[in-house]
file work09.cif (mmCIF, N, CA and C atoms)
data_input
#
loop_
_atom_site.label_atom_id
_atom_site.label_comp_id
_atom_site.auth_asym_id
_atom_site.auth_seq_id
_atom_site.Cartn_x
_atom_site.Cartn_y
_atom_site.Cartn_z
N MET A 1 -29.09 -33.02 47.14
CA MET A 1 -28.50 -31.93 46.40
C MET A 1 -28.09 -30.84 47.38
N SER A 2 -26.86 -30.41 47.26
CA SER A 2 -26.35 -29.40 48.18
C SER A 2 -26.42 -27.99 47.60
N GLY A 3 -26.79 -27.86 46.33
CA GLY A 3 -26.90 -26.54 45.73
C GLY A 3 -25.58 -25.95 45.27
N LYS A 4 -24.54 -26.74 45.25
CA LYS A 4 -23.23 -26.24 44.82
C LYS A 4 -23.05 -26.50 43.32
N TRP A 5 -23.73 -25.69 42.52
CA TRP A 5 -23.73 -25.88 41.08
C TRP A 5 -22.35 -25.65 40.47
N GLY A 6 -21.57 -24.81 41.07
CA GLY A 6 -20.21 -24.56 40.58
C GLY A 6 -19.36 -25.82 40.61
N ASN A 7 -19.52 -26.61 41.67
CA ASN A 7 -18.79 -27.86 41.76
C ASN A 7 -19.27 -28.86 40.71
N GLY A 8 -20.55 -28.81 40.38
CA GLY A 8 -21.10 -29.70 39.36
C GLY A 8 -20.57 -29.38 37.98
N LEU A 9 -20.31 -28.11 37.72
CA LEU A 9 -19.77 -27.71 36.41
C LEU A 9 -18.40 -28.33 36.17
N HIS A 10 -17.70 -28.62 37.25
CA HIS A 10 -16.39 -29.26 37.16
C HIS A 10 -16.49 -30.59 36.40
N TYR A 11 -17.60 -31.29 36.55
CA TYR A 11 -17.80 -32.57 35.89
C TYR A 11 -18.39 -32.43 34.49
N LEU A 12 -18.90 -31.27 34.17
CA LEU A 12 -19.49 -31.04 32.86
C LEU A 12 -18.43 -30.95 31.76
N PHE A 13 -17.27 -30.40 32.08
CA PHE A 13 -16.23 -30.20 31.07
C PHE A 13 -15.74 -31.52 30.45
N PRO A 14 -15.45 -32.57 31.22
CA PRO A 14 -15.06 -33.83 30.58
C PRO A 14 -16.17 -34.43 29.72
N LEU A 15 -17.42 -34.26 30.12
CA LEU A 15 -18.53 -34.77 29.32
C LEU A 15 -18.64 -34.03 27.98
N LEU A 16 -18.52 -32.72 28.03
CA LEU A 16 -18.55 -31.93 26.81
C LEU A 16 -17.34 -32.25 25.93
N SER A 17 -16.21 -32.49 26.56
CA SER A 17 -15.00 -32.85 25.84
C SER A 17 -15.16 -34.19 25.14
N PHE A 18 -15.81 -35.15 25.80
CA PHE A 18 -16.07 -36.44 25.19
C PHE A 18 -16.94 -36.27 23.94
N ALA A 19 -17.98 -35.48 24.05
CA ALA A 19 -18.86 -35.22 22.91
C ALA A 19 -18.08 -34.57 21.77
N ALA A 20 -17.21 -33.63 22.11
CA ALA A 20 -16.40 -32.97 21.08
C ALA A 20 -15.44 -33.96 20.41
N GLY A 21 -14.91 -34.91 21.18
CA GLY A 21 -14.03 -35.92 20.61
C GLY A 21 -14.74 -36.81 19.61
N VAL A 22 -15.97 -37.20 19.93
CA VAL A 22 -16.77 -38.00 19.00
C VAL A 22 -17.03 -37.19 17.73
N PHE A 23 -17.40 -35.94 17.92
CA PHE A 23 -17.67 -35.06 16.78
C PHE A 23 -16.44 -34.92 15.88
N LEU A 24 -15.28 -34.67 16.48
CA LEU A 24 -14.07 -34.50 15.69
C LEU A 24 -13.68 -35.78 14.96
N ALA A 25 -13.80 -36.92 15.62
CA ALA A 25 -13.48 -38.19 14.96
C ALA A 25 -14.38 -38.41 13.74
N GLU A 26 -15.65 -38.08 13.88
CA GLU A 26 -16.57 -38.20 12.75
C GLU A 26 -16.20 -37.24 11.62
N ARG A 27 -15.81 -36.04 11.98
CA ARG A 27 -15.41 -35.06 10.97
C ARG A 27 -14.15 -35.51 10.24
N ILE A 28 -13.19 -36.04 10.98
CA ILE A 28 -11.96 -36.53 10.36
C ILE A 28 -12.28 -37.68 9.41
N GLU A 29 -13.14 -38.59 9.83
CA GLU A 29 -13.51 -39.71 8.97
C GLU A 29 -14.19 -39.21 7.69
N SER A 30 -15.13 -38.31 7.82
CA SER A 30 -15.85 -37.85 6.63
C SER A 30 -14.95 -37.06 5.68
N ARG A 31 -13.98 -36.37 6.23
CA ARG A 31 -13.11 -35.56 5.37
C ARG A 31 -11.98 -36.37 4.73
N TYR A 32 -11.42 -37.33 5.46
CA TYR A 32 -10.23 -38.04 4.99
C TYR A 32 -10.47 -39.52 4.64
N LYS A 33 -11.71 -39.97 4.62
CA LYS A 33 -11.98 -41.38 4.38
C LYS A 33 -11.47 -41.86 3.02
N SER A 34 -11.50 -41.02 2.04
CA SER A 34 -11.05 -41.42 0.70
C SER A 34 -9.64 -40.95 0.39
N SER A 35 -8.91 -40.47 1.39
CA SER A 35 -7.54 -40.00 1.18
C SER A 35 -6.62 -41.16 0.82
N GLN A 36 -5.75 -40.93 -0.15
CA GLN A 36 -4.80 -41.95 -0.59
C GLN A 36 -3.47 -41.87 0.16
N LYS A 37 -3.17 -40.73 0.77
CA LYS A 37 -1.86 -40.53 1.41
C LYS A 37 -1.80 -41.05 2.84
N ILE A 38 -2.88 -40.88 3.57
CA ILE A 38 -2.90 -41.30 4.97
C ILE A 38 -4.31 -41.78 5.30
N HIS A 39 -4.38 -42.84 6.08
CA HIS A 39 -5.69 -43.35 6.49
C HIS A 39 -6.24 -42.44 7.58
N TRP A 40 -7.54 -42.22 7.57
CA TRP A 40 -8.14 -41.30 8.53
C TRP A 40 -7.92 -41.75 9.97
N ARG A 41 -7.83 -43.06 10.20
CA ARG A 41 -7.61 -43.55 11.56
C ARG A 41 -6.20 -43.20 12.05
N GLN A 42 -5.26 -43.11 11.14
CA GLN A 42 -3.90 -42.70 11.52
C GLN A 42 -3.88 -41.26 11.99
N ILE A 43 -4.69 -40.42 11.38
CA ILE A 43 -4.80 -39.02 11.81
C ILE A 43 -5.32 -38.96 13.24
N VAL A 44 -6.35 -39.75 13.52
CA VAL A 44 -6.91 -39.80 14.88
C VAL A 44 -5.86 -40.28 15.87
N LEU A 45 -5.12 -41.33 15.50
CA LEU A 45 -4.07 -41.84 16.41
C LEU A 45 -3.00 -40.80 16.68
N ILE A 46 -2.59 -40.07 15.65
CA ILE A 46 -1.58 -39.02 15.84
C ILE A 46 -2.11 -37.97 16.82
N LEU A 47 -3.36 -37.56 16.65
CA LEU A 47 -3.95 -36.59 17.58
C LEU A 47 -4.01 -37.14 19.01
N GLU A 48 -4.39 -38.40 19.15
CA GLU A 48 -4.43 -39.01 20.48
C GLU A 48 -3.06 -39.02 21.13
N ILE A 49 -2.06 -39.39 20.36
CA ILE A 49 -0.69 -39.42 20.90
C ILE A 49 -0.27 -38.04 21.37
N ILE A 50 -0.53 -37.04 20.55
CA ILE A 50 -0.17 -35.66 20.92
C ILE A 50 -0.89 -35.24 22.21
N LEU A 51 -2.19 -35.52 22.27
CA LEU A 51 -2.96 -35.14 23.47
C LEU A 51 -2.45 -35.84 24.72
N LEU A 52 -2.14 -37.13 24.61
CA LEU A 52 -1.70 -37.88 25.79
C LEU A 52 -0.28 -37.50 26.21
N VAL A 53 0.55 -37.09 25.26
CA VAL A 53 1.87 -36.56 25.63
C VAL A 53 1.70 -35.26 26.40
N ILE A 54 0.79 -34.42 25.93
CA ILE A 54 0.51 -33.16 26.65
C ILE A 54 0.03 -33.46 28.06
N VAL A 55 -0.86 -34.44 28.21
CA VAL A 55 -1.34 -34.82 29.55
C VAL A 55 -0.17 -35.25 30.43
N GLY A 56 0.75 -36.02 29.86
CA GLY A 56 1.91 -36.47 30.63
C GLY A 56 2.82 -35.35 31.06
N LEU A 57 2.80 -34.24 30.34
CA LEU A 57 3.67 -33.11 30.66
C LEU A 57 3.00 -32.07 31.55
N LEU A 58 1.73 -32.25 31.86
CA LEU A 58 1.02 -31.28 32.69
C LEU A 58 1.56 -31.30 34.12
N PRO A 59 1.51 -30.15 34.80
CA PRO A 59 1.93 -30.14 36.21
C PRO A 59 0.94 -30.94 37.07
N LYS A 60 1.34 -31.23 38.27
CA LYS A 60 0.53 -32.07 39.17
C LYS A 60 -0.84 -31.48 39.46
N ASP A 61 -0.99 -30.18 39.40
CA ASP A 61 -2.28 -29.57 39.71
C ASP A 61 -3.18 -29.41 38.48
N GLY A 62 -2.82 -30.03 37.36
CA GLY A 62 -3.60 -29.90 36.13
C GLY A 62 -4.63 -31.00 35.94
N HIS A 63 -5.28 -31.42 37.02
CA HIS A 63 -6.21 -32.55 36.95
C HIS A 63 -7.39 -32.29 36.02
N THR A 64 -7.97 -31.10 36.09
CA THR A 64 -9.14 -30.80 35.27
C THR A 64 -8.77 -30.82 33.80
N ILE A 65 -7.68 -30.20 33.45
CA ILE A 65 -7.23 -30.19 32.06
C ILE A 65 -6.91 -31.60 31.59
N ALA A 66 -6.27 -32.38 32.44
CA ALA A 66 -5.94 -33.76 32.10
C ALA A 66 -7.22 -34.56 31.86
N ASN A 67 -8.22 -34.41 32.72
CA ASN A 67 -9.48 -35.13 32.55
C ASN A 67 -10.16 -34.75 31.24
N VAL A 68 -10.14 -33.49 30.91
CA VAL A 68 -10.75 -33.02 29.67
C VAL A 68 -10.03 -33.61 28.46
N LEU A 69 -8.71 -33.57 28.47
CA LEU A 69 -7.93 -34.09 27.33
C LEU A 69 -8.06 -35.61 27.20
N VAL A 70 -8.05 -36.31 28.32
CA VAL A 70 -8.20 -37.77 28.27
C VAL A 70 -9.61 -38.14 27.81
N SER A 71 -10.62 -37.42 28.27
CA SER A 71 -11.99 -37.68 27.81
C SER A 71 -12.11 -37.47 26.30
N PHE A 72 -11.50 -36.41 25.82
CA PHE A 72 -11.51 -36.11 24.39
C PHE A 72 -10.83 -37.23 23.60
N SER A 73 -9.67 -37.64 24.07
CA SER A 73 -8.91 -38.70 23.41
C SER A 73 -9.66 -40.03 23.47
N CYS A 74 -10.24 -40.33 24.59
CA CYS A 74 -11.00 -41.56 24.77
C CYS A 74 -12.19 -41.60 23.80
N ALA A 75 -12.86 -40.50 23.64
CA ALA A 75 -14.00 -40.44 22.72
C ALA A 75 -13.56 -40.69 21.29
N MET A 76 -12.43 -40.11 20.90
CA MET A 76 -11.93 -40.35 19.55
C MET A 76 -11.58 -41.82 19.37
N GLN A 77 -11.00 -42.43 20.39
CA GLN A 77 -10.63 -43.85 20.35
C GLN A 77 -11.88 -44.72 20.19
N VAL A 78 -12.88 -44.47 21.01
CA VAL A 78 -14.11 -45.26 20.97
C VAL A 78 -14.80 -45.11 19.62
N GLN A 79 -14.88 -43.89 19.13
CA GLN A 79 -15.58 -43.63 17.88
C GLN A 79 -14.84 -44.19 16.66
N THR A 80 -13.52 -44.16 16.70
CA THR A 80 -12.72 -44.57 15.55
C THR A 80 -12.56 -46.07 15.44
N PHE A 81 -12.39 -46.73 16.57
CA PHE A 81 -12.10 -48.17 16.55
C PHE A 81 -13.27 -48.95 17.16
N ARG A 82 -14.41 -48.86 16.51
CA ARG A 82 -15.59 -49.57 16.97
C ARG A 82 -15.61 -51.02 16.53
N LYS A 83 -14.88 -51.33 15.47
CA LYS A 83 -14.85 -52.71 14.95
C LYS A 83 -13.41 -53.09 14.60
N VAL A 84 -13.11 -54.37 14.81
CA VAL A 84 -11.84 -54.95 14.40
C VAL A 84 -12.19 -56.21 13.60
N HIS A 85 -11.79 -56.21 12.35
CA HIS A 85 -12.10 -57.33 11.45
C HIS A 85 -13.60 -57.63 11.43
N GLY A 86 -14.41 -56.58 11.46
CA GLY A 86 -15.86 -56.74 11.37
C GLY A 86 -16.58 -57.03 12.67
N TYR A 87 -15.84 -57.21 13.76
CA TYR A 87 -16.45 -57.51 15.06
C TYR A 87 -16.45 -56.27 15.95
N GLY A 88 -17.52 -56.09 16.70
CA GLY A 88 -17.60 -54.97 17.63
C GLY A 88 -16.48 -55.01 18.65
N TYR A 89 -15.94 -53.84 18.98
CA TYR A 89 -14.77 -53.76 19.86
C TYR A 89 -14.85 -52.49 20.67
N ALA A 90 -14.65 -52.59 21.96
CA ALA A 90 -14.67 -51.42 22.84
C ALA A 90 -13.34 -51.36 23.58
N SER A 91 -12.35 -50.76 22.98
CA SER A 91 -10.99 -50.75 23.52
C SER A 91 -10.89 -50.07 24.87
N THR A 92 -11.56 -48.96 25.06
CA THR A 92 -11.43 -48.24 26.32
C THR A 92 -12.14 -48.96 27.45
N ILE A 93 -13.22 -49.64 27.15
CA ILE A 93 -13.92 -50.40 28.19
C ILE A 93 -13.06 -51.58 28.62
N TRP A 94 -12.41 -52.22 27.68
CA TRP A 94 -11.52 -53.33 28.00
C TRP A 94 -10.40 -52.86 28.92
N ILE A 95 -9.83 -51.72 28.61
CA ILE A 95 -8.75 -51.19 29.44
C ILE A 95 -9.27 -50.90 30.85
N SER A 96 -10.47 -50.34 30.96
CA SER A 96 -11.04 -50.06 32.27
C SER A 96 -11.24 -51.35 33.05
N ALA A 97 -11.67 -52.40 32.37
CA ALA A 97 -11.87 -53.69 33.03
C ALA A 97 -10.55 -54.24 33.55
N VAL A 98 -9.49 -54.10 32.77
CA VAL A 98 -8.17 -54.57 33.20
C VAL A 98 -7.69 -53.77 34.41
N ILE A 99 -7.88 -52.47 34.38
CA ILE A 99 -7.47 -51.63 35.51
C ILE A 99 -8.25 -52.04 36.76
N LEU A 100 -9.56 -52.25 36.62
CA LEU A 100 -10.37 -52.66 37.75
C LEU A 100 -9.89 -54.00 38.31
N MET A 101 -9.56 -54.93 37.43
CA MET A 101 -9.08 -56.24 37.86
C MET A 101 -7.78 -56.09 38.65
N ILE A 102 -6.87 -55.26 38.19
CA ILE A 102 -5.60 -55.05 38.89
C ILE A 102 -5.84 -54.42 40.26
N VAL A 103 -6.74 -53.45 40.33
CA VAL A 103 -7.05 -52.81 41.61
C VAL A 103 -7.63 -53.82 42.59
N ILE A 104 -8.53 -54.67 42.12
CA ILE A 104 -9.13 -55.69 42.99
C ILE A 104 -8.07 -56.66 43.48
N ILE A 105 -7.18 -57.09 42.59
CA ILE A 105 -6.10 -58.00 42.99
C ILE A 105 -5.21 -57.34 44.05
N MET A 106 -4.91 -56.07 43.86
CA MET A 106 -4.07 -55.36 44.84
C MET A 106 -4.78 -55.24 46.18
N MET A 107 -6.08 -55.03 46.16
CA MET A 107 -6.85 -54.92 47.41
C MET A 107 -6.86 -56.26 48.14
N VAL A 108 -7.02 -57.33 47.40
CA VAL A 108 -7.02 -58.66 48.01
C VAL A 108 -5.67 -58.96 48.62
N LYS A 109 -4.59 -58.62 47.90
CA LYS A 109 -3.25 -58.87 48.42
C LYS A 109 -2.99 -58.06 49.68
N LYS A 110 -3.48 -56.83 49.75
CA LYS A 110 -3.31 -56.01 50.94
C LYS A 110 -4.04 -56.60 52.12
N SER A 111 -5.22 -57.14 51.87
CA SER A 111 -6.00 -57.71 52.98
C SER A 111 -5.37 -59.02 53.49
N ASP A 112 -4.57 -59.69 52.66
CA ASP A 112 -3.89 -60.92 53.09
C ASP A 112 -2.68 -60.63 53.98
N LEU A 113 -2.20 -59.40 53.93
CA LEU A 113 -0.98 -59.06 54.71
C LEU A 113 -1.25 -58.93 56.16
#
call {"tool": "encode", "arguments": {"input": "work09.cif", "output": "structure tokens"}}
result
Amino acid sequence: MSGKWGNGLHYLFPLLSFAAGVFLAERIESRYKSSQKIHWRQIVLILEIILLVIVGLLPKDGHTIANVLVSFSCAMQVQTFRKVHGYGYASTIWISAVILMIVIIMMVKKSDL
């Protein structure tokens, strides 16, 4: 431990944002679960799309804000789409696995050059 607590707070914001995303997804479900006009999951998807468009429009130095917004969106995704046709599903973990696989393949190809 180096005693630089200010630097550690930098990592706290995405964690708190993730918790807030889970909370909001639960609130949306409880409020709109019986709605006849729009499914509650569609509301979550619309919010995710808006957040990720905002992330795409952020300037290059907006890393902290981008991390917070992506963590929030990821939490809503995980909380909302836990099952598909009755089976457990972890969409964000699957995406991370695919990204890791691509990175490993790229590393192997670089070492072959």
call {"tool": "residues_around", "arguments": {"input": "work09.cif", "residues": "Pro14 in chain A", "least_positions_apart": "5", "cutoff": "6 Å", "atoms": "all atoms listed in the file", "output": "PyMOL selection string"}}
result
chain A and resi 67-68+71
call {"tool": "residues_around", "arguments": {"input": "work09.cif", "residues": "range 78-86 of chain A", "least_positions_apart": "4", "cutoff": "10 Å", "atoms": "only C-alpha atoms", "output": "PyMOL selection string"}}
result
chain A and resi 18+21-26+28-29+40-42+44-45+73-74+90-93
call {"tool": "atom_distance", "arguments": {"input": "work09.cif", "atom1": "CA of Ser30 in chain A", "atom2": "CA of Ile54 in chain A"}}
result
26.3 Å
call {"tool": "select_by_dssp", "arguments": {"input": "work09.cif", "residues": "range 3-105 of chain A", "states": "strand (DSSP E or B)", "output": "PyMOL selection string"}}
result
chain A and resi 83-84+87-88
call {"tool": "atom_distance", "arguments": {"input": "work09.cif", "atom1": "atom N of Trp5 in chain A", "atom2": "atom C of Leu69 in chain A"}}
result
24.1 Å
call {"tool": "atom_distance", "arguments": {"input": "work09.cif", "atom1": "atom C of His10 in chain A", "atom2": "atom C of Lys60 in chain A"}}
result
16.0 Å
call {"tool": "closest_residue", "arguments": {"input": "work09.cif", "among": "A:Tyr11, A:Leu16, A:Val70, A:Val108", "to": "Leu51 in chain A", "atoms": "only C-alpha atoms"}}
result
A:Val70
